[in-house]
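Text of data.cif, listed as mmCIF, C-alpha atoms and all ligand atoms:
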```cif
data_query
#
loop_
_atom_site.group_PDB
_atom_site.id
_atom_site.type_symbol
_atom_site.label_atom_id
_atom_site.label_comp_id
_atom_site.auth_asym_id
_atom_site.auth_seq_id
_atom_site.Cartn_x
_atom_site.Cartn_y
_atom_site.Cartn_z
ATOM 1 C CA MET A 263 0.000 0.000 0.000
ATOM 2 C CA SER A 264 2.329 2.751 -1.132
ATOM 3 C CA ARG A 265 0.637 6.063 -1.670
ATOM 4 C CA SER A 266 3.648 7.549 -3.417
ATOM 5 C CA ALA A 267 5.935 5.952 -5.966
ATOM 6 C CA PRO A 268 9.657 5.648 -5.265
ATOM 7 C CA GLY A 269 11.310 9.001 -5.780
ATOM 8 C CA ALA A 270 8.014 10.832 -5.986
ATOM 9 C CA GLY A 271 8.060 14.314 -4.541
ATOM 10 C CA PRO A 272 5.250 15.974 -2.668
ATOM 11 C CA LEU A 273 4.044 17.585 -5.893
ATOM 12 C CA GLN A 274 3.987 14.285 -7.789
ATOM 13 C CA LEU A 275 0.595 12.811 -7.067
ATOM 14 C CA GLN A 276 -0.907 9.395 -7.688
ATOM 15 C CA VAL A 277 -4.372 9.968 -9.077
ATOM 16 C CA GLY A 278 -5.507 6.442 -9.878
ATOM 17 C CA ASP A 279 -8.279 6.688 -7.314
ATOM 18 C CA LEU A 280 -9.629 9.832 -8.942
ATOM 19 C CA LEU A 281 -9.475 8.339 -12.434
ATOM 20 C CA THR A 282 -11.585 5.370 -11.397
ATOM 21 C CA GLN A 283 -14.106 7.523 -9.536
ATOM 22 C CA PRO A 284 -15.089 10.473 -11.701
ATOM 23 C CA GLY A 285 -16.556 13.275 -9.656
ATOM 24 C CA ARG A 286 -14.452 12.458 -6.623
ATOM 25 C CA ARG A 287 -12.339 15.394 -5.512
ATOM 26 C CA ARG A 288 -9.067 15.654 -3.667
ATOM 27 C CA ALA A 289 -7.794 18.776 -1.954
ATOM 28 C CA VAL A 290 -4.106 19.603 -2.144
ATOM 29 C CA GLY A 291 -3.086 22.357 0.227
ATOM 30 C CA GLY A 292 -0.299 23.793 2.276
ATOM 31 C CA GLU A 293 3.113 25.186 1.614
ATOM 32 C CA GLN A 294 5.388 23.624 -0.957
ATOM 33 C CA VAL A 295 8.808 24.789 -2.072
ATOM 34 C CA LEU A 296 10.061 24.966 -5.633
ATOM 35 C CA GLU A 297 13.637 25.941 -4.960
ATOM 36 C CA ASP A 298 14.438 26.851 -8.544
ATOM 37 C CA LEU A 299 11.877 29.648 -8.342
ATOM 38 C CA SER A 300 14.018 31.381 -5.721
ATOM 39 C CA VAL A 301 17.286 31.372 -7.667
ATOM 40 C CA GLY A 302 18.968 34.654 -8.456
ATOM 41 C CA VAL A 303 17.599 38.163 -8.562
ATOM 42 C CA GLY A 304 13.909 38.352 -9.123
ATOM 43 C CA GLY A 305 12.821 35.128 -7.538
ATOM 44 C CA ILE A 306 9.980 33.867 -5.443
ATOM 45 C CA ALA A 307 10.744 34.359 -1.759
ATOM 46 C CA GLY A 308 12.107 31.054 -0.516
ATOM 47 C CA GLY A 309 10.610 29.336 -3.549
ATOM 48 C CA ALA A 310 7.591 29.001 -1.290
ATOM 49 C CA LEU A 311 4.124 28.442 -2.712
ATOM 50 C CA ASP A 312 1.006 28.217 -0.591
ATOM 51 C CA LEU A 313 -1.410 25.943 -2.413
ATOM 52 C CA GLN A 314 -5.170 25.653 -2.238
ATOM 53 C CA LEU A 315 -5.947 23.244 -5.050
ATOM 54 C CA THR A 316 -8.604 20.719 -5.944
ATOM 55 C CA LEU A 317 -8.031 17.734 -8.216
ATOM 56 C CA GLU A 318 -10.828 15.981 -10.040
ATOM 57 C CA ALA A 319 -11.039 13.500 -12.908
ATOM 58 C CA GLN A 320 -13.201 14.266 -15.919
ATOM 59 C CA ALA A 321 -13.321 11.979 -18.933
ATOM 60 C CA GLY A 322 -9.924 10.464 -18.216
ATOM 61 C CA ARG A 323 -8.267 13.793 -17.624
ATOM 62 C CA ILE A 324 -7.294 15.404 -14.348
ATOM 63 C CA MET A 325 -8.552 18.925 -13.748
ATOM 64 C CA VAL A 326 -6.609 21.008 -11.246
ATOM 65 C CA SER A 327 -8.092 24.261 -10.026
ATOM 66 C CA GLY A 328 -7.582 26.641 -7.158
ATOM 67 C CA THR A 329 -5.240 29.322 -5.947
ATOM 68 C CA VAL A 330 -1.516 29.693 -5.366
ATOM 69 C CA ARG A 331 -0.021 32.313 -3.069
ATOM 70 C CA ALA A 332 3.574 33.436 -3.415
ATOM 71 C CA ALA A 333 5.687 36.580 -3.160
ATOM 72 C CA TRP A 334 8.208 37.946 -5.604
ATOM 73 C CA GLU A 335 11.386 39.534 -4.298
ATOM 74 C CA LEU A 336 12.420 42.042 -6.932
ATOM 75 C CA GLU A 337 14.244 45.313 -7.405
ATOM 76 C CA CYS A 338 12.403 48.606 -7.656
ATOM 77 C CA ARG A 339 12.735 49.805 -11.224
ATOM 78 C CA ARG A 340 13.604 53.316 -10.059
ATOM 79 C CA CYS A 341 15.747 53.050 -6.942
ATOM 80 C CA LEU A 342 16.809 49.385 -7.219
ATOM 81 C CA GLY A 343 15.742 48.843 -3.628
ATOM 82 C CA PRO A 344 14.041 45.602 -2.627
ATOM 83 C CA VAL A 345 10.382 45.142 -3.491
ATOM 84 C CA ARG A 346 8.171 42.353 -2.253
ATOM 85 C CA VAL A 347 5.187 41.711 -4.482
ATOM 86 C CA PRO A 348 2.624 39.180 -3.239
ATOM 87 C CA VAL A 349 0.742 37.358 -5.985
ATOM 88 C CA GLU A 350 -2.234 35.041 -5.804
ATOM 89 C CA PRO A 351 -2.993 33.623 -9.231
ATOM 90 C CA ASP A 352 -6.063 31.490 -9.741
ATOM 91 C CA LEU A 353 -5.486 28.491 -11.916
ATOM 92 C CA SER A 354 -7.531 25.969 -13.827
ATOM 93 C CA GLU A 355 -5.346 23.472 -15.626
ATOM 94 C CA VAL A 356 -5.757 20.136 -17.370
ATOM 95 C CA PHE A 357 -3.503 17.073 -17.183
ATOM 96 C CA GLU A 358 -3.972 14.526 -19.974
ATOM 97 C CA GLU A 359 -2.142 11.625 -21.596
ATOM 98 C CA SER A 360 -1.281 13.545 -24.740
ATOM 99 C CA PRO A 361 -0.838 17.124 -23.589
ATOM 100 C CA THR A 362 -0.898 20.096 -25.897
ATOM 101 C CA GLU A 363 2.295 22.123 -25.581
ATOM 102 C CA GLY A 364 1.595 25.353 -23.776
ATOM 103 C CA GLU A 365 -1.998 24.437 -22.939
ATOM 104 C CA THR A 366 -2.223 21.210 -20.976
ATOM 105 C CA PHE A 367 0.136 19.080 -18.894
ATOM 106 C CA LEU A 368 1.144 15.425 -18.841
ATOM 107 C CA LEU A 369 -0.929 12.790 -17.105
ATOM 108 C CA ASP A 370 1.697 10.031 -16.883
ATOM 109 C CA GLY A 371 -0.311 6.887 -16.314
ATOM 110 C CA GLU A 372 -1.740 7.548 -12.871
ATOM 111 C CA LEU A 373 0.777 10.248 -11.967
ATOM 112 C CA VAL A 374 0.602 14.023 -12.259
ATOM 113 C CA ASP A 375 3.528 16.310 -11.455
ATOM 114 C CA LEU A 376 2.208 19.676 -10.345
ATOM 115 C CA ALA A 377 5.650 21.320 -10.300
ATOM 116 C CA PRO A 378 5.976 22.277 -14.009
ATOM 117 C CA MET A 379 2.430 23.645 -14.009
ATOM 118 C CA LEU A 380 3.018 25.676 -10.856
ATOM 119 C CA ARG A 381 6.232 27.132 -12.307
ATOM 120 C CA GLU A 382 4.371 28.331 -15.376
ATOM 121 C CA VAL A 383 1.451 29.790 -13.459
ATOM 122 C CA VAL A 384 3.675 31.621 -11.004
ATOM 123 C CA LEU A 385 6.171 32.912 -13.570
ATOM 124 C CA LEU A 386 3.344 34.475 -15.548
ATOM 125 C CA THR A 387 2.655 36.715 -12.555
ATOM 126 C CA LEU A 388 6.130 38.270 -12.676
ATOM 127 C CA PRO A 389 5.697 42.058 -12.431
ATOM 128 C CA LEU A 390 7.592 43.669 -15.279
ATOM 129 C CA ALA A 391 8.187 47.046 -13.654
ATOM 130 C CA PRO A 392 7.807 46.867 -9.873
ATOM 131 C CA LEU A 393 8.051 49.946 -7.690
ATOM 132 C CA CYS A 394 8.892 49.996 -3.981
ATOM 133 C CA GLU A 395 6.165 52.600 -3.698
ATOM 134 C CA SER A 396 4.241 54.551 -6.269
ATOM 135 C CA THR A 397 5.957 57.774 -5.317
ATOM 136 C CA CYS A 398 9.484 56.388 -5.556
ATOM 137 C CA ARG A 399 11.682 58.917 -7.288
ATOM 138 C CA GLY A 400 14.748 56.757 -7.628
ATOM 139 C CA PRO A 401 18.277 57.481 -6.441
ATOM 140 C CA ALA A 402 19.114 60.143 -9.013
ATOM 141 C CA GLU A 403 16.964 62.451 -11.030
ATOM 142 C CA GLY A 404 16.492 61.490 -14.631
ATOM 143 C CA ALA A 405 18.257 58.158 -14.470
ATOM 144 C CA TYR A 406 15.211 56.116 -15.394
ATOM 145 C CA TYR A 407 13.078 58.530 -17.337
ATOM 146 C CA GLY A 408 11.751 56.924 -20.430
ATOM 147 C CA LEU A 409 10.855 53.733 -18.645
ATOM 148 C CA GLU A 410 8.416 55.338 -16.291
ATOM 149 C CA GLU A 411 5.649 56.131 -18.703
ATOM 150 C CA ALA A 412 5.795 52.910 -20.681
ATOM 151 C CA GLY A 413 2.722 51.538 -18.951
ATOM 152 C CA GLY A 414 0.462 54.229 -20.343
ATOM 153 C CA GLY A 415 1.530 54.072 -23.949
ATOM 154 C CA ALA A 416 2.349 51.545 -26.591
ATOM 155 C CA ASP A 417 3.837 48.223 -25.636
ATOM 156 C CA PRO A 418 7.592 48.852 -25.654
ATOM 157 C CA ALA A 419 8.340 45.275 -26.659
ATOM 158 C CA PRO A 420 5.770 44.064 -29.177
ATOM 159 C CA GLY A 421 5.715 40.420 -30.087
ATOM 160 C CA ARG A 422 6.961 37.863 -27.651
ATOM 161 C CA ASP A 423 5.968 38.565 -24.081
ATOM 162 C CA PRO A 424 9.261 39.153 -22.255
ATOM 163 C CA ARG A 425 7.967 37.145 -19.336
ATOM 164 C CA TRP A 426 8.348 34.028 -21.424
ATOM 165 C CA ALA A 427 12.107 34.550 -21.460
ATOM 166 C CA ALA A 428 12.118 33.920 -17.734
ATOM 167 C CA LEU A 429 9.976 30.882 -18.239
ATOM 168 C CA ASP A 430 12.538 29.353 -20.610
ATOM 169 C CA ASP A 431 15.093 29.317 -17.842
ATOM 170 C CA PHE A 432 12.842 27.215 -15.656
ATOM 171 C CA ARG A 433 12.517 24.257 -17.985
ATOM 172 C CA PRO A 434 15.556 22.203 -17.063
ATOM 173 C CA ASP A 435 14.295 18.928 -18.526
ATOM 174 C CA GLU A 436 12.971 20.041 -21.863
ATOM 175 C CA ALA A 437 13.272 17.042 -24.153
HETATM 176 ZN ZN ZN A 501 12.049 52.553 -5.332
#
```
For this file, produce the structure as structure tokens.
Amino acid sequence: MSRSAPGAGPLQLQVGDLLTQPGRRRAVGGEQVLEDLSVGVGGIAGGALDLQLTLEAQAGRIMVSGTVRAAWELECRRCLGPVRVPVEPDLSEVFEESPTEGETFLLDGELVDLAPMLREVVLLTLPLAPLCESTCRGPAEGAYYGLEEAGGGADPAPGRDPRWAALDDFRPDEA
């Protein structure tokens, strides 16, 4: 009676019971740590994620929905001082046997690994231009003019969302 496979982490979940009982739900909650989210400047504080998720099987797929709480530790874009930005993204994701890249995640037999999904969801909340406070004037006058008004005008970087660049770095086992 092993509830977790050898080597399985706390975010790798056996869902065989859900698959055989459609409509049954399982809550997944509490704090989990994804250490690679805390690496370097601009990381999640401690890599810590507070999960409030529900898993449910529908038509052979596993639906995961709920909320994740985390906090970014970034630099103020004006004064370069530390900024802590709490985020609380809602998520509604699908795990299936043949996932669609960028849309759904892998259901590997009776196993789902929440970690790659959580990385994506959290990284998409990365604030692009955080401020320590809205009135921050920065350390020296004029040093960052030009960046300040970008939010009100045209997108300064059309095309690929720059947040995806950060996401690339968090896919260590891309095949
Ligand atoms: Zn500042």
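Taking only C-alpha atoms and all ligand atoms into account, the protein and nucleic acid residues that come at most 7 Å from ligand ZN 501 (chain A) are A:Cys338, A:Arg339, A:Arg340, A:Cys341, A:Leu342, A:Gly343, A:Leu393, A:Cys394, A:Glu395, A:Cys398, A:Arg399, A:Gly400.
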Residues within 6 Å of segment 285-295 of chain A, only C-alpha atoms, excluding chain neighbours under 2 positions, as a list in words: Leu280, Gln283, Glu297, Gly309, Ala310, Leu311, Asp312, Leu313, Gln314, Leu315, Thr316, Leu317 and Glu318 of chain A
For the file shown, what are the residues hit by the PyMOL selection byres (((chain A and resi 325) around 10) and not hetatm), laid out as a CSV table (one decimal) with C-alpha atoms, in the coordinates of the input?
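So the final result, stored in part_30.csv, reads:
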```
chain,number,residue,atom,x,y,z
A,287,ARG,CA,-12.3,15.4,-5.5
A,316,THR,CA,-8.6,20.7,-5.9
A,317,LEU,CA,-8.0,17.7,-8.2
A,318,GLU,CA,-10.8,16.0,-10.0
A,319,ALA,CA,-11.0,13.5,-12.9
A,320,GLN,CA,-13.2,14.3,-15.9
A,321,ALA,CA,-13.3,12.0,-18.9
A,322,GLY,CA,-9.9,10.5,-18.2
A,323,ARG,CA,-8.3,13.8,-17.6
A,324,ILE,CA,-7.3,15.4,-14.3
A,326,VAL,CA,-6.6,21.0,-11.2
A,327,SER,CA,-8.1,24.3,-10.0
A,354,SER,CA,-7.5,26.0,-13.8
A,355,GLU,CA,-5.3,23.5,-15.6
A,356,VAL,CA,-5.8,20.1,-17.4
A,357,PHE,CA,-3.5,17.1,-17.2
A,358,GLU,CA,-4.0,14.5,-20.0
A,366,THR,CA,-2.2,21.2,-21.0
```
Listed atoms of segment 284-295 of chain A boxed along x, y and z, 6 Å each side, centre and edge lengths in Å, one decimal, as AutoDock Vina command-line options:
```
--center_x -3.9 --center_y 17.8 --center_z -4.7 --size_x 37.4 --size_y 26.7 --size_z 26.0
```
Pairwise distance for atom CA of Arg381 of chain A and atom CA of Leu369 of chain A, rounded to one decimal in Å: 16.7 Å
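A straight line drawn from atom CA of Leu336 of chain A to atom CA of Ser300 of chain A is 10.8 Å long.
For the pair atom CA of Pro351 of chain A and atom CA of Leu380 of chain A, the separation is 10.1 Å.
The smallest atom-to-atom distance between Ala307 of chain A and any of A:Pro272, A:Pro348, A:Pro361, A:Gly278, using all atoms listed in the file, is found for A:Pro348.
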Result set, the PyMOL selection byres (((chain A and resi 370) around 10) and not hetatm) on current file, as a ChimeraX atom specification: /A:276-277,357-360,367-369,371-375
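Each of A:Pro401, A:Pro392, A:Gly328, A:Pro378 was checked against Gly304 of chain A using all atoms listed in the file; the smallest atom-to-atom distance is that of A:Pro392.
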Could you rebuild segment 328-352 of chain A with N, CA, C and O atoms and give me the result as a PDB file, in the frame of the given file?
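What follows is the written file part-v3.pdb:
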```pdb
ATOM      1  N   GLY A 328      -7.781  26.066  -8.479  1.00  0.00           N
ATOM      2  CA  GLY A 328      -7.582  26.641  -7.158  1.00  0.00           C
ATOM      3  C   GLY A 328      -6.708  27.878  -7.215  1.00  0.00           C
ATOM      4  O   GLY A 328      -6.677  28.585  -8.222  1.00  0.00           O
ATOM      5  N   THR A 329      -5.999  28.089  -6.119  1.00  0.00           N
ATOM      6  CA  THR A 329      -5.240  29.322  -5.947  1.00  0.00           C
ATOM      7  C   THR A 329      -3.841  28.999  -5.427  1.00  0.00           C
ATOM      8  O   THR A 329      -3.664  28.050  -4.661  1.00  0.00           O
ATOM      9  N   VAL A 330      -2.887  29.791  -5.861  1.00  0.00           N
ATOM     10  CA  VAL A 330      -1.516  29.693  -5.366  1.00  0.00           C
ATOM     11  C   VAL A 330      -1.146  31.054  -4.786  1.00  0.00           C
ATOM     12  O   VAL A 330      -1.427  32.087  -5.397  1.00  0.00           O
ATOM     13  N   ARG A 331      -0.529  31.054  -3.615  1.00  0.00           N
ATOM     14  CA  ARG A 331      -0.021  32.313  -3.069  1.00  0.00           C
ATOM     15  C   ARG A 331       1.496  32.256  -3.029  1.00  0.00           C
ATOM     16  O   ARG A 331       2.071  31.250  -2.616  1.00  0.00           O
ATOM     17  N   ALA A 332       2.118  33.345  -3.446  1.00  0.00           N
ATOM     18  CA  ALA A 332       3.574  33.436  -3.415  1.00  0.00           C
ATOM     19  C   ALA A 332       3.949  34.913  -3.357  1.00  0.00           C
ATOM     20  O   ALA A 332       3.082  35.785  -3.435  1.00  0.00           O
ATOM     21  N   ALA A 333       5.238  35.189  -3.195  1.00  0.00           N
ATOM     22  CA  ALA A 333       5.687  36.580  -3.160  1.00  0.00           C
ATOM     23  C   ALA A 333       6.991  36.710  -3.938  1.00  0.00           C
ATOM     24  O   ALA A 333       7.944  35.962  -3.702  1.00  0.00           O
ATOM     25  N   TRP A 334       6.981  37.640  -4.867  1.00  0.00           N
ATOM     26  CA  TRP A 334       8.208  37.946  -5.604  1.00  0.00           C
ATOM     27  C   TRP A 334       9.101  38.856  -4.775  1.00  0.00           C
ATOM     28  O   TRP A 334       8.608  39.758  -4.085  1.00  0.00           O
ATOM     29  N   GLU A 335      10.409  38.612  -4.877  1.00  0.00           N
ATOM     30  CA  GLU A 335      11.386  39.534  -4.298  1.00  0.00           C
ATOM     31  C   GLU A 335      12.174  40.140  -5.454  1.00  0.00           C
ATOM     32  O   GLU A 335      13.007  39.480  -6.073  1.00  0.00           O
ATOM     33  N   LEU A 336      11.885  41.397  -5.738  1.00  0.00           N
ATOM     34  CA  LEU A 336      12.420  42.042  -6.932  1.00  0.00           C
ATOM     35  C   LEU A 336      13.136  43.333  -6.557  1.00  0.00           C
ATOM     36  O   LEU A 336      13.227  43.694  -5.394  1.00  0.00           O
ATOM     37  N   GLU A 337      13.639  44.004  -7.608  1.00  0.00           N
ATOM     38  CA  GLU A 337      14.244  45.313  -7.405  1.00  0.00           C
ATOM     39  C   GLU A 337      13.306  46.384  -7.945  1.00  0.00           C
ATOM     40  O   GLU A 337      12.742  46.243  -9.033  1.00  0.00           O
ATOM     41  N   CYS A 338      13.176  47.464  -7.181  1.00  0.00           N
ATOM     42  CA  CYS A 338      12.403  48.606  -7.656  1.00  0.00           C
ATOM     43  C   CYS A 338      13.019  49.117  -8.956  1.00  0.00           C
ATOM     44  O   CYS A 338      14.232  49.251  -9.067  1.00  0.00           O
ATOM     45  N   ARG A 339      12.189  49.411  -9.935  1.00  0.00           N
ATOM     46  CA  ARG A 339      12.735  49.805 -11.224  1.00  0.00           C
ATOM     47  C   ARG A 339      13.354  51.199 -11.173  1.00  0.00           C
ATOM     48  O   ARG A 339      14.102  51.568 -12.074  1.00  0.00           O
ATOM     49  N   ARG A 340      13.049  51.960 -10.140  1.00  0.00           N
ATOM     50  CA  ARG A 340      13.604  53.316 -10.059  1.00  0.00           C
ATOM     51  C   ARG A 340      14.804  53.408  -9.121  1.00  0.00           C
ATOM     52  O   ARG A 340      15.830  53.968  -9.475  1.00  0.00           O
ATOM     53  N   CYS A 341      14.669  52.880  -7.916  1.00  0.00           N
ATOM     54  CA  CYS A 341      15.747  53.050  -6.942  1.00  0.00           C
ATOM     55  C   CYS A 341      16.561  51.773  -6.746  1.00  0.00           C
ATOM     56  O   CYS A 341      17.567  51.789  -6.043  1.00  0.00           O
ATOM     57  N   LEU A 342      16.142  50.679  -7.343  1.00  0.00           N
ATOM     58  CA  LEU A 342      16.809  49.385  -7.219  1.00  0.00           C
ATOM     59  C   LEU A 342      16.771  48.825  -5.795  1.00  0.00           C
ATOM     60  O   LEU A 342      17.485  47.872  -5.485  1.00  0.00           O
ATOM     61  N   GLY A 343      15.938  49.412  -4.961  1.00  0.00           N
ATOM     62  CA  GLY A 343      15.742  48.843  -3.628  1.00  0.00           C
ATOM     63  C   GLY A 343      14.866  47.607  -3.712  1.00  0.00           C
ATOM     64  O   GLY A 343      14.251  47.325  -4.742  1.00  0.00           O
ATOM     65  N   PRO A 344      14.829  46.836  -2.612  1.00  0.00           N
ATOM     66  CA  PRO A 344      14.041  45.602  -2.627  1.00  0.00           C
ATOM     67  C   PRO A 344      12.538  45.872  -2.652  1.00  0.00           C
ATOM     68  O   PRO A 344      12.051  46.814  -2.024  1.00  0.00           O
ATOM     69  N   VAL A 345      11.839  45.063  -3.404  1.00  0.00           N
ATOM     70  CA  VAL A 345      10.382  45.142  -3.491  1.00  0.00           C
ATOM     71  C   VAL A 345       9.836  43.747  -3.293  1.00  0.00           C
ATOM     72  O   VAL A 345      10.326  42.784  -3.889  1.00  0.00           O
ATOM     73  N   ARG A 346       8.845  43.643  -2.435  1.00  0.00           N
ATOM     74  CA  ARG A 346       8.171  42.353  -2.253  1.00  0.00           C
ATOM     75  C   ARG A 346       6.772  42.480  -2.830  1.00  0.00           C
ATOM     76  O   ARG A 346       6.003  43.358  -2.436  1.00  0.00           O
ATOM     77  N   VAL A 347       6.464  41.627  -3.786  1.00  0.00           N
ATOM     78  CA  VAL A 347       5.187  41.711  -4.482  1.00  0.00           C
ATOM     79  C   VAL A 347       4.424  40.397  -4.282  1.00  0.00           C
ATOM     80  O   VAL A 347       4.729  39.391  -4.920  1.00  0.00           O
ATOM     81  N   PRO A 348       3.436  40.399  -3.399  1.00  0.00           N
ATOM     82  CA  PRO A 348       2.624  39.180  -3.239  1.00  0.00           C
ATOM     83  C   PRO A 348       1.755  38.946  -4.480  1.00  0.00           C
ATOM     84  O   PRO A 348       1.234  39.916  -5.065  1.00  0.00           O
ATOM     85  N   VAL A 349       1.624  37.696  -4.868  1.00  0.00           N
ATOM     86  CA  VAL A 349       0.742  37.358  -5.985  1.00  0.00           C
ATOM     87  C   VAL A 349      -0.136  36.185  -5.559  1.00  0.00           C
ATOM     88  O   VAL A 349       0.232  35.400  -4.686  1.00  0.00           O
ATOM     89  N   GLU A 350      -1.288  36.089  -6.173  1.00  0.00           N
ATOM     90  CA  GLU A 350      -2.234  35.041  -5.804  1.00  0.00           C
ATOM     91  C   GLU A 350      -3.019  34.615  -7.047  1.00  0.00           C
ATOM     92  O   GLU A 350      -4.220  34.871  -7.157  1.00  0.00           O
ATOM     93  N   PRO A 351      -2.297  33.992  -7.998  1.00  0.00           N
ATOM     94  CA  PRO A 351      -2.993  33.623  -9.231  1.00  0.00           C
ATOM     95  C   PRO A 351      -3.985  32.480  -9.017  1.00  0.00           C
ATOM     96  O   PRO A 351      -3.701  31.520  -8.290  1.00  0.00           O
ATOM     97  N   ASP A 352      -5.138  32.612  -9.642  1.00  0.00           N
ATOM     98  CA  ASP A 352      -6.063  31.490  -9.741  1.00  0.00           C
ATOM     99  C   ASP A 352      -5.596  30.624 -10.896  1.00  0.00           C
ATOM    100  O   ASP A 352      -5.035  31.122 -11.871  1.00  0.00           O
TER     101      ASP A 352
END
```
